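Coordinates as given in final_6.txt (compact mmCIF, C-alpha atoms and all ligand atoms):
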# COMPACT_ATOMS: atom_id res chain seq x y z
CA MET A 947 130.75 86.13 79.73
CA LYS A 948 132.68 86.90 82.87
CA GLU A 949 133.80 90.44 83.44
CA THR A 950 137.47 90.95 84.01
CA GLN A 951 138.61 92.89 87.05
CA ARG A 952 139.39 95.83 84.80
CA GLN A 953 135.94 95.84 83.21
CA LYS A 954 134.34 95.62 86.63
CA GLN A 955 136.34 98.59 87.83
CA LYS A 956 135.38 100.51 84.71
CA SER A 957 131.66 99.95 85.06
CA GLN A 958 131.90 100.74 88.77
CA THR A 959 133.47 104.13 88.00
CA ARG A 960 130.85 104.78 85.36
CA LYS A 961 128.07 104.12 87.87
CA GLN A 962 129.78 106.36 90.39
CA ILE A 963 129.89 109.21 87.85
CA ILE A 964 126.22 108.77 86.92
CA GLU A 965 125.13 108.75 90.58
CA ALA A 966 127.15 111.87 91.31
CA ALA A 967 125.79 113.58 88.19
CA LEU A 968 122.19 112.79 89.15
CA LYS A 969 122.73 114.53 92.49
CA GLN A 970 124.75 117.41 91.15
CA TYR A 971 122.40 118.19 88.25
CA ALA A 972 119.43 118.17 90.62
CA LYS A 973 121.24 120.62 92.86
CA THR A 974 122.76 123.07 90.38
CA GLY A 975 120.94 122.55 87.07
CA LEU A 976 121.43 120.47 83.94
CA ILE A 977 122.91 123.07 81.61
CA LYS A 978 124.87 125.08 84.15
CA THR A 979 126.63 122.33 86.10
CA PRO A 980 130.27 122.09 85.02
CA THR A 981 131.70 118.58 84.62
CA ILE A 982 134.44 119.48 87.08
CA GLU A 983 131.80 119.69 89.83
CA ILE A 984 130.54 116.24 88.91
CA ALA A 985 134.09 114.90 88.96
CA LYS A 986 134.61 116.37 92.43
CA SER A 987 131.45 114.87 93.84
CA ALA A 988 132.16 111.50 92.18
CA LYS A 989 135.68 111.66 93.62
CA VAL A 990 137.30 111.05 90.25
CA SER A 991 139.60 113.21 88.16
CA HIS A 992 138.16 115.50 85.51
CA GLY A 993 139.86 113.43 82.83
CA THR A 994 138.18 110.25 84.07
CA ILE A 995 134.77 111.73 83.24
CA PHE A 996 135.80 112.18 79.63
CA ALA A 997 137.31 108.71 79.46
CA HIS A 998 133.79 107.42 80.10
CA PHE A 999 131.72 110.12 78.39
CA PRO A 1000 133.40 111.76 75.38
CA THR A 1001 131.48 115.03 75.66
CA GLN A 1002 129.41 116.91 78.21
CA ASP A 1003 126.31 116.35 76.05
CA VAL A 1004 126.85 112.59 76.03
CA LEU A 1005 127.08 112.57 79.82
CA LEU A 1006 124.02 114.78 80.18
CA THR A 1007 121.96 112.69 77.75
CA GLU A 1008 122.92 109.42 79.43
CA VAL A 1009 122.19 110.73 82.91
CA ILE A 1010 118.79 112.03 81.80
CA GLU A 1011 118.07 108.69 80.18
CA GLU A 1012 119.02 106.86 83.38
CA PHE A 1013 116.75 109.24 85.29
CA GLY A 1014 113.93 108.48 82.85
CA PHE A 1015 114.29 104.73 83.35
CA ARG A 1016 114.27 105.08 87.13
CA VAL A 1017 111.25 107.36 87.25
CA ASN A 1018 109.35 105.15 84.82
CA LYS A 1019 110.11 102.03 86.78
CA ARG A 1020 108.96 103.70 89.98
CA LEU A 1021 105.81 105.12 88.39
CA HIS A 1022 105.01 101.73 86.97
CA GLU A 1023 105.33 100.17 90.44
CA LEU A 1024 103.17 102.85 92.00
CA VAL A 1025 100.33 102.76 89.47
CA GLU A 1026 100.29 98.97 89.59
CA GLY A 1027 96.84 97.84 90.66
CA LYS A 1028 95.46 101.40 90.65
CA SER A 1029 92.41 101.70 88.50
CA THR A 1030 90.84 105.11 89.00
CA VAL A 1031 92.05 108.41 87.59
CA GLU A 1032 92.31 109.85 91.09
CA GLU A 1033 94.53 107.00 92.27
CA ILE A 1034 96.75 107.39 89.23
CA LEU A 1035 97.14 111.14 89.71
CA LYS A 1036 98.11 110.52 93.34
CA ALA A 1037 100.59 107.81 92.37
CA HIS A 1038 102.04 110.12 89.72
CA LEU A 1039 102.71 112.83 92.29
CA GLU A 1040 104.06 110.33 94.78
CA GLY A 1041 106.56 109.08 92.20
CA LEU A 1042 107.57 112.58 91.15
CA THR A 1043 107.97 113.69 94.77
CA GLU A 1044 110.75 111.14 95.18
CA TYR A 1045 112.59 112.65 92.20
CA GLU A 1046 111.32 116.20 92.52
CA ASP A 1047 114.56 118.20 92.33
CA PHE A 1048 115.86 116.51 89.20
CA TYR A 1049 112.43 116.47 87.57
CA ILE A 1050 112.08 120.24 88.10
CA ARG A 1051 115.41 120.78 86.38
CA LEU A 1052 114.38 118.51 83.55
CA VAL A 1053 111.06 120.18 82.79
CA SER A 1054 112.40 123.71 83.34
CA GLU A 1055 115.35 123.22 81.02
CA SER A 1056 113.92 120.70 78.58
CA ARG A 1057 113.68 123.09 75.59
CA LEU A 1058 117.39 123.85 75.89
CA LEU A 1059 118.54 120.24 76.12
CA PRO A 1060 119.83 117.96 73.35
CA PRO A 1061 116.90 116.46 71.34
CA GLN A 1062 117.44 113.00 72.79
CA ALA A 1063 116.97 114.39 76.28
CA GLN A 1064 113.70 115.97 75.21
CA ASP A 1065 112.50 112.60 74.00
CA THR A 1066 113.20 111.22 77.46
CA VAL A 1067 110.65 113.71 78.80
CA ILE A 1068 108.10 112.32 76.34
CA MET A 1069 109.04 108.80 77.46
CA ILE A 1070 108.34 109.70 81.10
CA GLN A 1071 105.04 111.30 80.09
CA SER A 1072 104.11 108.21 78.10
CA ALA A 1073 104.26 106.02 81.19
CA ILE A 1074 101.63 108.20 82.81
CA SER A 1075 99.53 109.04 79.76
CA HIS A 1076 99.16 105.31 79.13
CA HIS A 1077 97.67 104.55 82.55
CA LEU A 1078 95.74 107.79 82.83
CA SER A 1079 94.03 107.37 79.46
CA ARG A 1080 93.01 103.82 80.18
CA ALA A 1081 91.49 104.75 83.52
CA ALA A 1082 89.84 107.90 82.14
CA GLU A 1083 88.24 106.01 79.24
CA ILE A 1084 86.64 103.55 81.64
CA GLU A 1085 85.41 106.18 84.08
CA MET A 1086 84.07 108.33 81.25
CA SER A 1087 82.14 105.39 79.83
CA GLU A 1088 80.73 104.72 83.31
CA GLY A 1089 79.52 108.31 83.48
CA LYS A 1090 81.75 109.17 86.44
CA LEU A 1091 83.93 111.60 84.54
CA LYS A 1092 83.04 114.15 81.89
CA LYS A 1093 83.60 112.99 78.34
CA LEU A 1094 86.69 115.01 77.43
CA PRO A 1095 89.47 114.39 74.91
CA LEU A 1096 92.05 112.11 76.53
CA HIS A 1097 95.02 114.22 75.49
CA MET A 1098 93.43 117.30 77.06
CA VAL A 1099 92.84 115.46 80.31
CA PHE A 1100 96.53 114.54 80.31
CA ASN A 1101 97.87 117.91 79.18
CA GLY A 1102 95.64 119.82 81.59
CA TRP A 1103 97.09 117.84 84.45
CA ILE A 1104 100.69 118.14 83.27
CA GLY A 1105 100.24 121.87 82.65
CA LEU A 1106 98.95 122.36 86.17
CA ILE A 1107 101.64 120.40 87.99
CA HIS A 1108 104.47 121.71 85.82
CA TYR A 1109 103.38 125.28 86.55
CA TYR A 1110 103.74 124.60 90.26
CA LEU A 1111 106.98 122.68 89.81
CA THR A 1112 108.74 125.21 87.63
CA ASN A 1113 107.67 128.03 89.97
CA HIS A 1114 108.46 126.09 93.13
CA ASP A 1115 110.48 129.01 94.48
CA LEU A 1116 107.32 131.13 94.47
CA PHE A 1117 104.91 128.51 95.77
CA SER A 1118 107.01 126.76 98.37
CA PRO A 1119 110.45 128.25 98.94
CA GLY A 1120 112.78 125.78 100.57
CA GLU A 1121 110.38 122.84 100.63
CA SER A 1122 108.80 120.29 98.31
CA VAL A 1123 106.08 121.89 96.21
CA LEU A 1124 104.43 118.52 95.59
CA LYS A 1125 104.32 117.69 99.29
CA ARG A 1126 102.80 121.05 100.06
CA TYR A 1127 100.27 121.27 97.22
CA GLY A 1128 99.87 117.71 95.97
CA GLN A 1129 96.58 117.07 97.72
CA GLU A 1130 95.10 120.39 96.69
CA LEU A 1131 96.16 119.92 93.06
CA THR A 1132 94.67 116.43 92.87
CA ALA A 1133 91.42 117.46 94.54
CA TYR A 1134 91.07 120.49 92.26
CA TYR A 1135 91.74 118.52 89.12
CA MET A 1136 89.35 115.75 90.07
CA ALA A 1137 86.64 118.34 90.74
CA LEU A 1138 87.09 119.61 87.17
CA LEU A 1139 86.80 116.13 85.70
CA GLN A 1140 84.00 114.68 87.78
CA VAL A 1141 80.40 114.72 86.68
CA ARG A 1142 78.39 116.54 89.28
CA ILE A 1143 75.78 114.39 90.89
CA MET B 516 112.35 93.41 86.75
CA LYS B 517 112.21 92.76 83.02
CA THR B 518 111.74 95.63 80.59
CA CYS B 519 110.09 95.20 77.19
CA ILE B 520 112.80 95.13 74.54
CA ALA B 521 110.51 96.78 72.01
CA CYS B 522 108.91 99.68 73.92
CA GLY B 523 110.76 99.93 77.25
CA MET B 524 107.75 99.27 79.47
CA PRO B 525 108.60 97.61 82.79
CA MET B 526 106.93 94.19 82.96
CA GLU B 527 105.88 92.91 86.36
CA LYS B 528 102.57 91.13 86.22
CA THR B 529 102.03 88.10 84.02
CA SER B 530 99.48 90.14 82.11
CA ASP B 531 102.18 92.68 81.15
CA PHE B 532 103.90 90.03 79.04
CA ALA B 533 103.01 89.10 75.48
CA ALA B 534 100.47 86.27 75.55
CA GLY B 535 100.86 86.21 79.35
CA ASP B 536 104.16 84.37 78.87
CA VAL B 537 106.81 85.57 81.34
CA ASN B 538 109.54 84.01 79.22
CA LYS B 539 108.85 86.54 76.48
CA ASP B 540 111.04 89.64 76.27
CA TYR B 541 108.31 91.88 74.89
CA CYS B 542 105.08 93.17 76.34
CA VAL B 543 101.42 92.69 75.60
CA TYR B 544 101.31 96.03 73.72
CA CYS B 545 104.13 95.00 71.41
CA ALA B 546 102.58 91.69 70.45
CA ARG B 547 100.42 90.93 67.47
CA PRO B 548 97.11 89.13 68.04
CA ASP B 549 98.93 85.80 67.38
CA GLY B 550 101.52 86.57 70.10
CA THR B 551 104.50 87.28 67.82
CA MET B 552 106.33 90.57 68.16
CA GLN B 553 105.30 93.52 66.01
CA SER B 554 107.66 94.64 63.25
CA TYR B 555 109.56 97.91 63.47
CA ASP B 556 107.04 99.68 61.24
CA GLU B 557 104.05 98.34 63.13
CA LYS B 558 105.54 99.42 66.44
CA LEU B 559 106.51 102.84 65.14
CA ASP B 560 102.96 103.37 63.90
CA SER B 561 101.32 102.22 67.11
CA MET B 562 103.67 104.23 69.31
CA THR B 563 103.09 107.35 67.21
CA GLU B 564 99.34 106.85 67.36
CA PHE B 565 99.54 106.36 71.13
CA ILE B 566 101.47 109.61 71.69
CA VAL B 567 99.06 111.57 69.48
CA ARG B 568 96.00 110.09 71.18
CA THR B 569 97.11 110.46 74.80
CA GLN B 570 99.42 113.49 74.68
CA GLY B 571 98.07 115.42 71.70
CA LEU B 572 101.39 115.94 69.93
CA ASP B 573 101.56 116.82 66.25
CA LYS B 574 101.71 113.58 64.26
CA LYS B 575 105.10 114.28 62.71
CA ALA B 576 106.62 115.35 66.02
CA ALA B 577 105.19 112.25 67.70
CA ASN B 578 106.65 110.08 64.96
CA GLU B 579 110.11 111.63 65.46
CA ALA B 580 109.91 111.14 69.23
CA ALA B 581 108.81 107.54 68.80
CA LYS B 582 111.69 106.88 66.40
CA SER B 583 114.20 108.32 68.82
CA MET B 584 112.82 106.35 71.77
CA MET B 585 112.82 103.14 69.76
CA ALA B 586 116.41 103.69 68.64
CA ARG B 587 117.48 103.23 72.27
CA LEU B 588 115.63 99.96 72.83
CA PRO B 589 117.35 96.57 72.47
CA ALA B 590 114.92 95.25 69.87
CA TRP B 591 115.64 98.06 67.42
CA LYS B 592 119.20 99.11 68.22
CA VAL B 593 121.44 98.94 65.18
ZN ZN C 1 106.39 96.66 74.72
Hey, can you dump this file as structure tokens for me?
Ligand SMILES: [Zn+2]
Amino acid sequence: MKETQRQKQKSQTRKQIIEAALKQYAKTGLIKTPTIEIAKSAKVSHGTIFAHFPTQDVLLTEVIEEFGFRVNKRLHELVEGKSTVEEILKAHLEGLTEYEDFYIRLVSESRLLPPQAQDTVIMIQSAISHHLSRAAEIEMSEGKLKKLPLHMVFNGWIGLIHYYLTNHDLFSPGESVLKRYGQELTAYYMALLQVRI
Amino acid sequence: MKTCIACGMPMEKTSDFAAGDVNKDYCVYCARPDGTMQSYDEKLDSMTEFIVRTQGLDKKAANEAAKSMMARLPAWKV
């Protein structure tokens, strides 16, 4: 079915709003950012936002979902062909570094967000837990890594990186916390998992 | 890039697709051994089990999350 000019214009505006919201939320927070700021940065009227997204929650949920799809796609590309736990942890951080500001907002505010938005966090985690568990199972069976419960291997890692991310202002004011500590975090975590030879 | 209609996984390599068939819209993890797509209940069970096993969530909470994620995927959208 061919889109009419009007439909094209409509979906163009919608995209514009989502792009602006992704930037604005990353900058000023998910809960706190008023829709008027998003309208300004998307260069549309405030009313236009609500013509596309009936409520602020709908906009927020859709933008978070869009973010989830993008991060997942990127993570999937990055872990492609990687087979060791160490490679996957590195790829995970590389992917998150590209989306660091928004991701920090998402994990810091996730308990306050609409339930659907919280499920998006689980969706993002699932992309990583899938690859990490597969790699860990193999390396554990080969005796390279300690035999630990898979969910603890995943949660230990997430706990560590989220602690740094949510306290980024303390660990690396004004710069990327993952760029500054990524290598140290990966090396430390691998040292915990590896069987000492 | 294609995305699995049943679980949302991006599918790139041939081996990501059900039965290695790039014409399929669902992934290898959403296929039954005979290559057909899992039913809603089968997928909900396997997704719940996956979240519990790899992320340690409470079974009921994992089930709710899986339901909500599936509700947004083309295969299960009402
Ligand atoms: Zn699938």
Query raised in the report: Separation of CA of Ile1070 in chain A and CA of Gly1014 in chain A, in Å?
Result: 6.0 Å
Requested in this report: Using all atoms listed in the file, find which residues of chain A lie within 8 Å of chain B and jot them down as a list in words.
Outcome: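 Result: Asn1018, Lys1019, His1022, Gln1062, Asp1065, Thr1066, Ile1068, Met1069, Ser1072, Ala1073, Ser1075, His1076, Ser1079, Leu1096, His1097, Met1098, Phe1100 and Asn1101 of chain A.
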Query raised in the report: Can you tell me, as number ranges by chain, what residues are no more than 9 Å from range 1113-1128 of chain A when counting all atoms listed in the file, ignoring any on the same chain fewer than 6 positions away?
Result: A: 1036, 1039-1040, 1042-1043, 1046-1047, 1050, 1107
Report task. Could you give me the residues within 9 Å of ligand ZN 1 (chain C), counting all atoms listed in the file, as a list in words? Result ->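 So the residues close to ligand ZN 1 (chain C) are Thr518, Cys519, Ile520, Ala521, Cys522, Gly523, Met524, Pro525, Met526, Asp531, Phe532, Ala533, Asp540, Tyr541, Cys542, Val543, Tyr544, Cys545, Ala546, Met552 and Lys558 of chain B.
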Query - Given all atoms listed in the file as the counted atoms, nearest of A:Glu1008, A:Thr1132, A:Lys1093, A:Leu1138 to Glu1032 in chain A - result: A:Thr1132
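As for CA of Val1025 in chain A and CA of Ile1074 in chain A, they are spaced 8.7 Å apart.
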Query raised in the report: From the set A:Tyr1134, A:Phe1015, A:Tyr1109, A:Tyr971, which residue has the shortest atom-to-atom contact distance to Arg1051 in chain A, counting all atoms listed in the file?
Result: A:Tyr971
Report task. Using all atoms listed in the file, collect all residues at a distance of at most 9 Å from (117.8, 112.9, 95.6) as written in the file, then present them as a list in words. Result ->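 All residues meeting the 9 Å criterion around (117.8, 112.9, 95.6) are Leu968, Lys969, Ala972, Lys973, Glu1044, Tyr1045, Glu1046, Asp1047 and Phe1048 of chain A.
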Query raised in the report: So what do you get for CA of Arg1016 in chain A versus CA of Tyr1049 in chain A, distance-wise?
Result: 11.5 Å
